[in-house]
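**Student:** Next up, run08.tsv (TSV, C-alpha atoms).
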```tsv
chain	number	residue	atom	x	y	z
A	12	MET	CA	0.00	0.00	0.00
A	13	SER	CA	1.36	3.40	-0.96
A	14	THR	CA	-0.23	6.82	-0.95
A	15	GLN	CA	0.91	10.00	-2.66
A	16	MET	CA	1.83	12.51	0.03
A	17	PRO	CA	0.18	15.95	0.27
A	18	LEU	CA	2.49	18.97	0.27
A	19	PRO	CA	1.12	21.74	2.53
A	20	ASN	CA	2.57	25.18	3.13
A	21	PRO	CA	5.93	25.35	4.94
A	22	GLY	CA	6.18	26.20	8.59
A	23	LEU	CA	8.87	26.52	11.24
A	24	TRP	CA	11.83	24.21	10.92
A	25	ARG	CA	12.19	22.20	14.14
A	26	GLY	CA	11.17	25.31	16.08
A	27	ARG	CA	14.45	27.08	15.27
A	28	PRO	CA	14.87	30.64	14.01
A	29	ARG	CA	15.09	30.72	10.21
A	30	ALA	CA	18.08	33.11	10.03
A	31	PRO	CA	21.52	32.08	11.37
A	32	LEU	CA	24.25	34.17	12.87
A	33	SER	CA	27.24	34.47	10.55
A	34	VAL	CA	30.41	32.50	11.16
A	35	ALA	CA	33.51	34.53	10.39
A	36	GLY	CA	35.38	32.59	7.73
A	37	LEU	CA	36.22	28.94	7.38
A	38	LEU	CA	38.19	27.35	10.20
A	39	LEU	CA	40.73	24.87	8.98
A	40	LEU	CA	42.50	21.82	10.33
A	41	ALA	CA	45.98	21.24	11.65
A	42	THR	CA	49.19	21.00	9.67
A	43	ALA	CA	49.85	17.47	8.46
A	44	SER	CA	52.39	15.83	6.19
A	45	GLY	CA	52.40	13.07	3.63
A	46	CYS	CA	49.72	11.81	1.25
A	47	GLU	CA	49.30	8.29	2.57
A	48	GLY	CA	45.63	7.32	2.76
A	49	CYS	CA	44.70	9.39	-0.30
A	50	ALA	CA	45.14	6.58	-2.82
A	51	GLY	CA	42.52	6.68	-5.52
A	52	ILE	CA	41.90	10.42	-5.20
A	53	GLU	CA	43.26	11.96	-8.38
A	54	THR	CA	43.06	15.58	-7.26
A	55	VAL	CA	43.10	17.16	-3.83
A	56	THR	CA	42.25	20.83	-3.48
A	57	ARG	CA	44.18	22.37	-0.63
A	58	ALA	CA	42.43	24.53	1.90
A	59	THR	CA	44.99	27.32	1.64
A	60	GLY	CA	46.15	29.10	-1.45
A	61	GLY	CA	43.66	27.27	-3.70
A	62	SER	CA	46.40	25.05	-5.10
A	63	THR	CA	45.71	21.57	-6.37
A	64	GLY	CA	47.74	18.42	-6.68
A	65	THR	CA	47.21	15.74	-9.31
A	66	GLY	CA	47.73	12.05	-8.84
A	67	GLY	CA	51.26	10.76	-9.14
A	68	GLN	CA	52.61	7.22	-9.06
A	69	GLY	CA	50.36	4.79	-7.27
A	70	GLY	CA	47.23	6.90	-7.88
A	71	GLY	CA	47.66	9.18	-4.85
A	72	PRO	CA	47.71	12.97	-5.09
A	73	VAL	CA	50.74	15.21	-4.90
A	74	CYS	CA	49.78	17.56	-2.09
A	75	GLU	CA	50.89	21.12	-2.77
A	76	GLY	CA	50.53	24.52	-1.14
A	77	GLY	CA	51.31	25.88	2.28
A	78	PRO	CA	50.19	24.28	5.54
A	79	PRO	CA	46.57	24.74	6.68
A	80	GLN	CA	45.80	27.04	9.58
A	81	ALA	CA	45.74	25.71	13.13
A	82	PRO	CA	42.53	23.82	13.93
A	83	ALA	CA	39.61	25.25	15.84
A	84	ARG	CA	38.90	22.59	18.42
A	85	CYS	CA	35.37	21.51	19.26
A	86	ASP	CA	35.69	22.49	22.90
A	87	SER	CA	35.01	26.13	22.05
A	88	PRO	CA	33.01	26.67	18.84
A	89	PHE	CA	30.17	28.50	20.63
A	90	ASN	CA	30.22	31.48	23.00
A	91	GLY	CA	33.85	30.87	24.00
A	92	GLU	CA	32.77	28.14	26.41
A	93	ASP	CA	33.20	24.38	26.41
A	94	ALA	CA	30.61	23.11	23.96
A	95	VAL	CA	31.09	19.38	23.61
A	96	SER	CA	32.80	16.43	25.18
A	97	LEU	CA	33.78	13.17	23.54
A	98	GLY	CA	33.33	9.59	24.64
A	99	ALA	CA	34.93	6.33	23.47
A	100	GLY	CA	38.31	7.53	24.71
A	101	LEU	CA	38.63	10.19	22.01
A	102	PRO	CA	40.73	13.23	23.02
A	103	MET	CA	39.23	16.66	22.44
A	104	ASP	CA	41.81	17.46	19.76
A	105	ALA	CA	40.21	14.67	17.72
A	106	CYS	CA	37.31	17.05	17.04
A	107	VAL	CA	37.70	20.22	14.96
A	108	VAL	CA	35.41	22.82	13.42
A	109	ALA	CA	35.56	22.42	9.64
A	110	GLY	CA	33.41	25.43	8.76
A	111	SER	CA	29.77	26.37	8.24
A	112	LEU	CA	27.53	24.90	5.56
A	113	VAL	CA	25.27	27.92	5.87
A	114	ASP	CA	28.19	30.27	5.24
A	115	ALA	CA	29.08	28.08	2.25
A	116	GLY	CA	25.65	28.82	0.77
A	117	VAL	CA	23.34	26.05	2.03
A	118	ALA	CA	19.94	27.38	3.13
A	119	TRP	CA	19.49	27.64	6.90
A	120	GLY	CA	17.98	24.50	8.35
A	121	VAL	CA	20.70	21.99	7.42
A	122	GLY	CA	19.40	18.43	7.21
A	123	GLY	CA	21.00	15.24	5.99
A	124	LEU	CA	24.59	14.82	4.75
A	125	LEU	CA	25.96	12.27	2.28
A	126	PHE	CA	29.16	12.09	0.25
A	127	SER	CA	28.75	11.85	-3.51
A	128	ASP	CA	29.42	8.44	-5.03
A	129	GLU	CA	30.87	10.17	-8.12
A	130	ASP	CA	33.29	12.49	-6.33
A	131	PRO	CA	34.49	11.83	-2.77
A	132	ASN	CA	35.42	15.52	-2.50
A	133	THR	CA	31.76	16.55	-2.84
A	134	LEU	CA	29.30	16.54	0.05
A	135	LEU	CA	25.56	16.38	-0.66
A	136	VAL	CA	23.54	18.43	1.83
A	137	VAL	CA	19.82	19.09	2.36
A	138	GLY	CA	19.08	22.74	3.10
A	139	ALA	CA	15.85	24.33	4.41
A	140	ALA	CA	15.00	20.85	5.67
A	141	GLU	CA	11.43	19.96	6.57
A	142	THR	CA	9.99	22.90	4.58
A	143	ALA	CA	8.48	23.33	1.13
A	144	ASP	CA	11.72	25.08	0.13
A	145	ALA	CA	13.93	22.11	1.00
A	146	ALA	CA	16.62	21.51	-1.61
A	147	LEU	CA	19.68	19.38	-2.25
A	148	TYR	CA	23.04	21.14	-2.49
A	149	SER	CA	26.50	19.99	-3.54
A	150	VAL	CA	29.37	21.38	-1.47
A	151	PRO	CA	33.05	20.86	-2.41
A	152	VAL	CA	35.22	19.85	0.52
A	153	LEU	CA	38.82	20.96	0.96
A	154	ARG	CA	41.39	18.60	2.44
A	155	ASP	CA	44.70	18.87	4.25
A	156	GLU	CA	47.83	16.88	3.38
A	157	GLU	CA	46.48	13.80	5.16
A	158	CYS	CA	43.15	14.13	3.32
A	159	HIS	CA	41.21	15.14	6.42
A	160	LEU	CA	38.44	17.66	5.88
A	161	ALA	CA	39.95	21.14	6.02
A	162	GLY	CA	37.24	23.51	4.80
A	163	LEU	CA	34.29	24.00	2.46
A	164	GLY	CA	33.88	25.46	-1.01
A	165	ALA	CA	30.83	27.26	-2.37
A	166	ALA	CA	27.54	25.36	-2.27
A	167	LYS	CA	25.47	24.82	-5.42
A	168	LYS	CA	21.76	23.99	-5.44
A	169	ILE	CA	21.21	20.91	-7.60
A	170	ALA	CA	17.63	19.74	-6.91
A	171	ASN	CA	14.35	20.79	-5.32
A	172	THR	CA	13.32	18.27	-2.66
A	173	PRO	CA	10.28	19.64	-0.75
A	174	TYR	CA	10.09	18.60	2.91
A	175	ALA	CA	13.26	16.50	2.64
A	176	ASP	CA	15.58	15.96	5.58
A	177	GLY	CA	17.77	12.84	5.88
A	178	LEU	CA	19.10	11.03	2.82
A	179	THR	CA	20.79	7.78	1.87
A	180	ARG	CA	21.82	6.05	-1.35
A	181	GLY	CA	20.26	2.92	-2.83
A	182	PRO	CA	22.18	0.19	-4.69
A	183	ASP	CA	21.26	1.68	-8.09
A	184	GLY	CA	22.54	5.15	-7.14
A	185	ALA	CA	19.10	6.62	-6.46
A	186	LEU	CA	18.78	8.82	-3.38
A	187	PHE	CA	16.15	8.14	-0.72
A	188	PHE	CA	14.94	11.02	1.46
A	189	GLY	CA	13.04	11.20	4.72
A	190	LEU	CA	10.22	13.74	4.33
A	191	GLY	CA	8.69	15.56	7.26
A	192	GLN	CA	6.99	18.54	8.82
A	193	PHE	CA	6.53	18.91	12.56
A	194	GLN	CA	3.50	21.15	12.96
A	195	GLN	CA	0.02	20.39	11.65
A	196	PRO	CA	-0.59	18.94	9.18
A	197	ILE	CA	2.13	16.45	10.09
A	198	ILE	CA	4.14	15.16	7.15
A	199	ALA	CA	5.72	11.72	7.40
A	200	GLY	CA	6.93	10.25	4.17
A	201	VAL	CA	9.76	8.95	2.05
A	202	GLY	CA	10.92	10.12	-1.38
A	203	ARG	CA	13.22	8.80	-4.09
A	204	MET	CA	15.29	10.71	-6.64
A	205	LYS	CA	16.85	8.87	-9.55
A	206	PRO	CA	20.41	9.65	-10.69
A	207	ALA	CA	20.61	12.88	-12.74
A	208	SER	CA	17.11	13.96	-11.68
A	209	GLU	CA	16.52	17.55	-10.55
A	210	GLY	CA	13.82	16.73	-8.03
A	211	LEU	CA	11.93	13.94	-6.30
A	212	ASP	CA	10.67	11.34	-8.76
A	213	GLU	CA	8.54	9.35	-6.31
A	214	VAL	CA	6.94	10.20	-2.96
A	215	VAL	CA	5.04	7.97	-0.54
A	216	ASP	CA	2.91	9.14	2.40
A	217	LEU	CA	3.52	7.03	5.51
A	218	THR	CA	0.77	8.43	7.74
A	219	PRO	CA	-1.64	5.65	6.61
A	220	PHE	CA	0.84	3.25	8.25
A	221	GLY	CA	0.31	4.95	11.60
A	222	LEU	CA	3.22	7.38	11.63
A	223	ASP	CA	2.20	10.52	13.50
A	224	LEU	CA	5.66	12.13	13.74
A	225	ALA	CA	7.83	13.71	11.05
A	226	VAL	CA	10.39	11.49	9.34
A	227	THR	CA	13.97	12.72	9.70
A	228	GLY	CA	16.84	10.31	9.02
A	229	VAL	CA	16.82	7.35	6.67
A	230	GLY	CA	19.35	4.59	6.10
A	231	ILE	CA	20.01	1.15	4.67
A	232	VAL	CA	21.64	-1.45	6.92
A	233	PRO	CA	24.97	-2.25	5.19
A	234	ASN	CA	26.22	-5.63	4.05
A	235	GLY	CA	27.96	-7.50	6.83
A	236	PHE	CA	25.55	-6.18	9.49
A	237	PRO	CA	22.66	-8.16	10.96
A	238	GLY	CA	19.54	-7.21	9.03
A	239	ALA	CA	21.62	-6.18	5.99
A	240	GLY	CA	19.58	-4.51	3.26
A	241	THR	CA	16.81	-3.32	5.60
A	242	PHE	CA	15.54	0.17	4.87
A	243	VAL	CA	15.20	2.10	8.15
A	244	LEU	CA	13.85	5.51	9.07
A	245	LEU	CA	13.71	7.73	12.13
A	246	THR	CA	10.89	9.91	13.41
A	247	TYR	CA	11.37	13.08	15.43
A	248	SER	CA	9.36	14.07	18.50
A	249	LEU	CA	8.73	17.45	20.07
A	250	ASP	CA	7.42	15.64	23.18
A	251	VAL	CA	9.89	12.88	23.95
A	252	ALA	CA	8.42	12.14	27.39
A	253	ASN	CA	5.01	11.17	26.05
A	254	ASP	CA	5.58	10.30	22.40
A	255	PRO	CA	9.28	9.65	21.65
A	256	GLY	CA	10.85	9.44	18.24
A	257	ARG	CA	11.42	5.95	16.92
A	258	TRP	CA	13.51	3.67	14.72
A	259	TYR	CA	11.37	1.90	12.08
A	260	SER	CA	12.07	-0.82	9.57
A	261	VAL	CA	10.34	-0.37	6.21
A	262	GLU	CA	9.33	-3.12	3.80
A	263	LEU	CA	9.65	-1.78	0.26
A	264	THR	CA	7.28	-3.56	-2.11
A	265	HIS	CA	9.72	-3.63	-5.04
A	266	GLY	CA	12.98	-3.62	-3.09
A	267	LEU	CA	15.63	-0.93	-2.93
A	268	ASP	CA	16.09	-0.57	-6.69
A	269	GLY	CA	12.49	-0.83	-7.90
A	270	PRO	CA	9.64	1.70	-8.11
A	271	LEU	CA	9.01	3.25	-4.70
A	272	ALA	CA	6.15	1.58	-2.89
A	273	VAL	CA	5.77	0.60	0.75
A	274	THR	CA	4.16	-2.58	2.08
A	275	ALA	CA	4.76	-2.22	5.83
A	276	VAL	CA	6.36	0.10	8.40
A	277	THR	CA	7.28	-1.49	11.73
A	278	PRO	CA	8.42	0.34	14.90
A	279	ARG	CA	11.56	-1.28	16.30
A	280	ALA	CA	12.99	0.95	19.04
A	281	ASP	CA	12.00	4.06	21.01
A	282	LEU	CA	14.74	6.68	20.96
A	283	ALA	CA	14.15	10.37	21.83
A	284	ALA	CA	14.43	12.89	18.99
A	285	PRO	CA	16.65	11.05	16.49
A	286	ALA	CA	17.76	12.95	13.40
A	287	SER	CA	20.28	10.87	11.42
A	288	ILE	CA	22.02	7.48	11.25
A	289	VAL	CA	25.54	6.34	10.45
A	290	PHE	CA	26.52	2.66	10.50
A	291	LEU	CA	30.07	1.87	11.61
A	292	PRO	CA	31.72	-1.46	10.75
A	293	ALA	CA	33.69	-3.38	13.35
A	294	ASN	CA	37.28	-2.31	14.02
A	295	ASN	CA	36.52	1.17	12.76
A	296	GLY	CA	39.36	2.84	14.64
A	297	VAL	CA	37.19	3.85	17.61
A	298	TYR	CA	35.04	0.81	18.41
A	299	SER	CA	35.95	-2.86	18.02
A	300	THR	CA	32.34	-3.86	17.29
A	301	GLN	CA	29.71	-2.74	14.79
A	302	LYS	CA	27.77	0.32	15.87
A	303	ALA	CA	24.85	2.44	14.75
A	304	LEU	CA	25.44	6.12	15.49
A	305	VAL	CA	22.30	8.20	16.00
A	306	ALA	CA	22.30	12.00	16.29
A	307	ASP	CA	19.76	12.74	19.02
A	308	HIS	CA	18.61	16.36	18.86
A	309	ALA	CA	16.83	16.31	22.23
A	310	ALA	CA	19.71	14.65	24.08
A	311	TYR	CA	22.31	17.05	22.60
A	312	ALA	CA	24.32	13.93	21.77
A	313	VAL	CA	25.47	11.44	19.18
A	314	MET	CA	24.75	8.04	20.67
A	315	ALA	CA	26.51	4.79	19.72
A	316	TYR	CA	24.35	1.66	19.84
A	317	ASP	CA	25.09	-2.03	19.65
A	318	LEU	CA	22.75	-3.89	17.28
A	319	ASP	CA	20.66	-6.98	17.85
A	320	ALA	CA	20.26	-9.89	15.43
A	321	ALA	CA	17.76	-7.88	13.36
A	322	GLY	CA	20.05	-4.87	13.05
A	323	VAL	CA	18.03	-2.81	15.56
A	324	PRO	CA	19.70	-0.70	18.29
A	325	LYS	CA	19.87	-2.20	21.75
A	326	THR	CA	18.71	1.05	23.29
A	327	ALA	CA	19.69	0.09	26.82
A	328	LEU	CA	23.30	-0.19	25.65
A	329	GLY	CA	23.67	3.20	23.98
A	330	GLU	CA	26.68	5.30	24.96
A	331	PRO	CA	27.50	8.91	24.08
A	332	LEU	CA	30.18	9.47	21.46
A	333	PHE	CA	29.61	13.20	21.43
A	334	THR	CA	27.64	15.20	23.98
A	335	ASN	CA	26.97	18.80	24.94
A	336	SER	CA	28.54	20.20	28.10
A	337	MET	CA	26.96	23.67	28.16
A	338	ALA	CA	23.87	22.98	30.20
A	339	GLY	CA	24.14	26.25	32.12
A	340	LEU	CA	24.01	28.54	29.10
A	341	GLY	CA	20.39	28.05	28.07
A	342	GLU	CA	18.83	26.84	24.82
A	343	LEU	CA	20.83	29.02	22.41
A	344	GLY	CA	24.09	28.19	24.13
A	345	ARG	CA	23.70	24.47	23.62
A	346	VAL	CA	24.80	22.38	20.69
A	347	ARG	CA	22.30	20.07	18.99
A	348	PRO	CA	23.58	17.58	16.39
A	349	TRP	CA	21.53	16.84	13.27
A	350	GLY	CA	23.06	15.58	10.01
A	351	MET	CA	26.00	13.15	9.98
A	352	ALA	CA	28.20	11.51	7.35
A	353	LEU	CA	31.32	9.35	7.37
A	354	ASP	CA	34.08	10.65	5.09
A	355	PRO	CA	35.15	7.78	2.78
A	356	VAL	CA	38.60	9.35	2.23
A	357	GLY	CA	39.89	10.73	5.51
A	358	GLY	CA	37.63	8.67	7.75
A	359	ASP	CA	36.31	11.71	9.66
A	360	LEU	CA	32.83	11.56	11.13
A	361	LEU	CA	31.09	14.79	10.12
A	362	VAL	CA	28.45	16.11	12.51
A	363	ASP	CA	26.48	19.25	11.72
A	364	VAL	CA	25.41	21.08	14.88
A	365	VAL	CA	23.28	24.11	15.62
A	366	GLY	CA	23.23	26.39	18.63
A	367	ASP	CA	23.15	30.14	18.20
A	368	SER	CA	24.67	29.40	14.78
A	369	GLU	CA	25.55	26.38	12.65
A	370	ARG	CA	28.87	24.52	12.46
A	371	LEU	CA	30.16	21.43	10.69
A	372	LEU	CA	32.35	19.42	13.07
A	373	ALA	CA	34.82	16.72	12.04
A	374	LEU	CA	35.64	13.93	14.49
A	375	ARG	CA	38.93	12.19	13.69
A	376	GLY	CA	40.05	8.74	14.69
A	377	PHE	CA	37.76	6.62	12.49
A	378	SER	CA	39.17	4.40	9.75
A	379	PRO	CA	38.29	5.37	6.16
```
I'd like the structure from this file rewritten - as structure tokens, please.
**Tutor:**
Amino acid sequence: MSTQMPLPNPGLWRGRPRAPLSVAGLLLLATASGCEGCAGIETVTRATGGSTGTGGQGGGPVCEGGPPQAPARCDSPFNGEDAVSLGAGLPMDACVVAGSLVDAGVAWGVGGLLFSDEDPNTLLVVGAAETADAALYSVPVLRDEECHLAGLGAAKKIANTPYADGLTRGPDGALFFGLGQFQQPIIAGVGRMKPASEGLDEVVDLTPFGLDLAVTGVGIVPNGFPGAGTFVLLTYSLDVANDPGRWYSVELTHGLDGPLAVTAVTPRADLAAPASIVFLPANNGVYSTQKALVADHAAYAVMAYDLDAAGVPKTALGEPLFTNSMAGLGELGRVRPWGMALDPVGGDLLVDVVGDSERLLALRGFSP
């Protein structure tokens, strides 16, 4: 059963102000040396001087240009106070501020993040998420000499995706989007955009399946994980005490690479206000076991979950990888994570956060 989803007028985006404070310039990462780990990347654009290096022997780039600026650590991106703390034994200098997607040109209300499968130096980003003006942007990323994220180029709008938020890629290259709106009328849906399309090709309304909360993140359980191939989605709650957000598994009538139709949507785990998902394989540089990372907007944290035999988070075993430590500064002084992506080149975990402004953070230590 599938139903075409209505598209009402846009409203507030997650209750946040629609205009951000400006971030002064891009903040870059630390000086590094050597090009090991960049194999397969033919060109690396340096974050300083605009110089480029082209692949030499062995397929790796020749890194040119002067050293990047010193990193802005994640312990002080907001208000000059400690903003985050890291779990899993990560030191604070493993987290740096890579820049601002809004300053790069993405519309305020940053949603899901995903690296392009055609160019690992391009980040796909949903802007104006959960509104009628939601759109997909491409953002070039700049790298340091070790291929860690070192800054952002100018964003370019590439598709209109009304009410989109999270996104993931299917096996045929099509993009799946979570579609949502938080105020009445509630929107809870999923959309699909085929390669080279300039907008959503297919949209399915999920409210007939009992969803009464907006859909945020979407994902596909990777090969090698329990429940591999399962399409999952998250719903976001404004009242986590009485009606928390959830993790759902979705049965697609024609599979991941067929026409978009939904047969069943099954709740699997109560979370809080989940926004995005990243699956980490075992021995990923930080954890020895497989994990599902969930950005929880209400908890001001990225939580790491073990998975059961069906690929569903064991919610009692969640542990914070990234959490806010500014509880005394009030709502605008606190950092809420939303979109996340794992960099396939440098291995950094990217976490977009919003407080009184928006920042893209890069957590090092993960294996590419």
**Student:** Tell me which protein, DNA and RNA residues are within 12 Å of range 238-240 of chain A, counting all atoms listed in the file, leaving out same-chain ones fewer than 2 positions away, and put them as a list in words.
**Tutor:** Arg180, Gly181, Pro182, Gly230, Ile231, Val232, Pro233, Asn234, Gly235, Phe236, Phe242, Val243, Ser260, Val261, Glu262, Leu263, Gly266, Leu267, Asp268, Phe290, Leu318, Asp319, Ala320, Ala321, Gly322, Val323 and Pro324 of chain A
**Student:** Quick one: pull the distance between CA of Cys106 in chain A and CA of Thr334 in chain A, Å, one decimal.
**Tutor:**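 For CA of Cys106 in chain A relative to CA of Thr334 in chain A, the distance reads 12.0 Å.
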**Student:** Using Å and a single decimal, report how far CA of Ala280 in chain A sits from CA of Phe126 in chain A.
**Tutor:**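 One can read the CA of Phe126 in chain A to CA of Ala280 in chain A distance as 27.2 Å.
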**Student:** A:Arg375, A:His159, A:His265, A:Arg370: which is nearest Trp119 in chain A, counting all atoms listed in the file?
**Tutor:**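 The answer is A:Arg370, which sits nearest to Trp119 in chain A.
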**Student:** For range 359-365 of chain A, work out the shell of residues within 7 Å, counting all atoms listed in the file and skipping chain neighbours fewer than 2 positions away, then give it as an MDAnalysis selection string.
**Tutor:** chainID A and resid 159 346:354 357 367:377
**Student:** Please indicate the distance in Å from CA of Phe187 in chain A to CA of Thr133 in chain A, rounded to one decimal place.
**Tutor:**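 Rounded to one decimal, the two atoms are 17.9 Å apart.
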**Student:** A:Ala310, A:Asn335, A:Tyr298, A:Val113: which is nearest Leu101 in chain A, counting all atoms listed in the file?
**Tutor:**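 The answer is A:Tyr298, which sits nearest to Leu101 in chain A.
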**Student:** Residues at most 8 Å from Val117 in chain A, counting all atoms listed in the file, excluding those fewer than 2 positions away in the same chain, as a PyMOL selection string?
**Tutor:** chain A and resi 112-115+119+121+136-138+148+166-168
**Student:** For Leu245 in chain A, which of A:Asn132, A:Ser287, A:Gln301, A:Ser127 is the closest residue, counting only C-alpha atoms?
**Tutor:**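 Ranking A:Asn132, A:Ser287, A:Gln301, A:Ser127 by distance to Leu245 in chain A, first place goes to A:Ser287.
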**Student:** Determine the nearest neighbour of Asp281 in chain A from the options A:Gly210, A:Pro151, A:Gly221, A:Gly256, counting only C-alpha atoms.
**Tutor:**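 Comparing A:Gly210, A:Pro151, A:Gly221, A:Gly256 against Asp281 in chain A, the winner is A:Gly256.
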**Student:** Near Phe333 in chain A, within 6 Å and counting only C-alpha atoms, which residues show up once chain neighbours fewer than 5 positions away are dropped, as number ranges by chain?
**Tutor:** A: 96-97, 312-313
**Student:** Pick the closest to Gln194 in chain A from A:Thr142, A:Thr179, A:Asn171, A:Thr227: which is it, counting only C-alpha atoms?
**Tutor:** A:Thr142
**Student:** Could you pull the residues within 10 Å of range 282-284 of chain A, counting all atoms listed in the file, minus those fewer than 5 positions along the same chain, as a PyMOL selection string?
**Tutor:** chain A and resi 227+245-252+254-258+305-311+324+326+349
**Student:** Put those residues in a file: C-alpha atoms, as a tab-separated table (two decimals), in the frame of the given file.
**Tutor:**
```
chain	number	residue	atom	x	y	z
A	227	THR	CA	13.97	12.72	9.70
A	245	LEU	CA	13.71	7.73	12.13
A	246	THR	CA	10.89	9.91	13.41
A	247	TYR	CA	11.37	13.08	15.43
A	248	SER	CA	9.36	14.07	18.50
A	249	LEU	CA	8.73	17.45	20.07
A	250	ASP	CA	7.42	15.64	23.18
A	251	VAL	CA	9.89	12.88	23.95
A	252	ALA	CA	8.42	12.14	27.39
A	254	ASP	CA	5.58	10.30	22.40
A	255	PRO	CA	9.28	9.65	21.65
A	256	GLY	CA	10.85	9.44	18.24
A	257	ARG	CA	11.42	5.95	16.92
A	258	TRP	CA	13.51	3.67	14.72
A	305	VAL	CA	22.30	8.20	16.00
A	306	ALA	CA	22.30	12.00	16.29
A	307	ASP	CA	19.76	12.74	19.02
A	308	HIS	CA	18.61	16.36	18.86
A	309	ALA	CA	16.83	16.31	22.23
A	310	ALA	CA	19.71	14.65	24.08
A	311	TYR	CA	22.31	17.05	22.60
A	324	PRO	CA	19.70	-0.70	18.29
A	326	THR	CA	18.71	1.05	23.29
A	349	TRP	CA	21.53	16.84	13.27
```
**Student:** Within 10 Å of (9.3, 10.8, -8.2) in the file's own coordinates, which protein, DNA or RNA residues have an atom, counting only C-alpha atoms? List them as a list in words.
**Tutor:**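 Residues with an atom close enough to that point: Gly202, Arg203, Met204, Lys205, Ser208, Gly210, Leu211, Asp212, Glu213, Val214, Val215, Pro270 and Leu271 of chain A.
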**Student:** Okay, now the selection with C-alpha atoms, as a PDB file, in the frame of the given file?
**Tutor:**
```
ATOM      1  CA  GLY A 202      10.920  10.120  -1.380  1.00  0.00           C
ATOM      2  CA  ARG A 203      13.220   8.800  -4.090  1.00  0.00           C
ATOM      3  CA  MET A 204      15.290  10.710  -6.640  1.00  0.00           C
ATOM      4  CA  LYS A 205      16.850   8.870  -9.550  1.00  0.00           C
ATOM      5  CA  SER A 208      17.110  13.960 -11.680  1.00  0.00           C
ATOM      6  CA  GLY A 210      13.820  16.730  -8.030  1.00  0.00           C
ATOM      7  CA  LEU A 211      11.930  13.940  -6.300  1.00  0.00           C
ATOM      8  CA  ASP A 212      10.670  11.340  -8.760  1.00  0.00           C
ATOM      9  CA  GLU A 213       8.540   9.350  -6.310  1.00  0.00           C
ATOM     10  CA  VAL A 214       6.940  10.200  -2.960  1.00  0.00           C
ATOM     11  CA  VAL A 215       5.040   7.970  -0.540  1.00  0.00           C
ATOM     12  CA  PRO A 270       9.640   1.700  -8.110  1.00  0.00           C
ATOM     13  CA  LEU A 271       9.010   3.250  -4.700  1.00  0.00           C
TER      14      LEU A 271
END
```
**Student:** Which is closer to Val229 in chain A than all the others in A:Glu156, A:Glu129, A:Asp176, A:Asp144, using all atoms listed in the file?
**Tutor:**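 Among the listed residues, A:Asp176 lies closest to Val229 in chain A.
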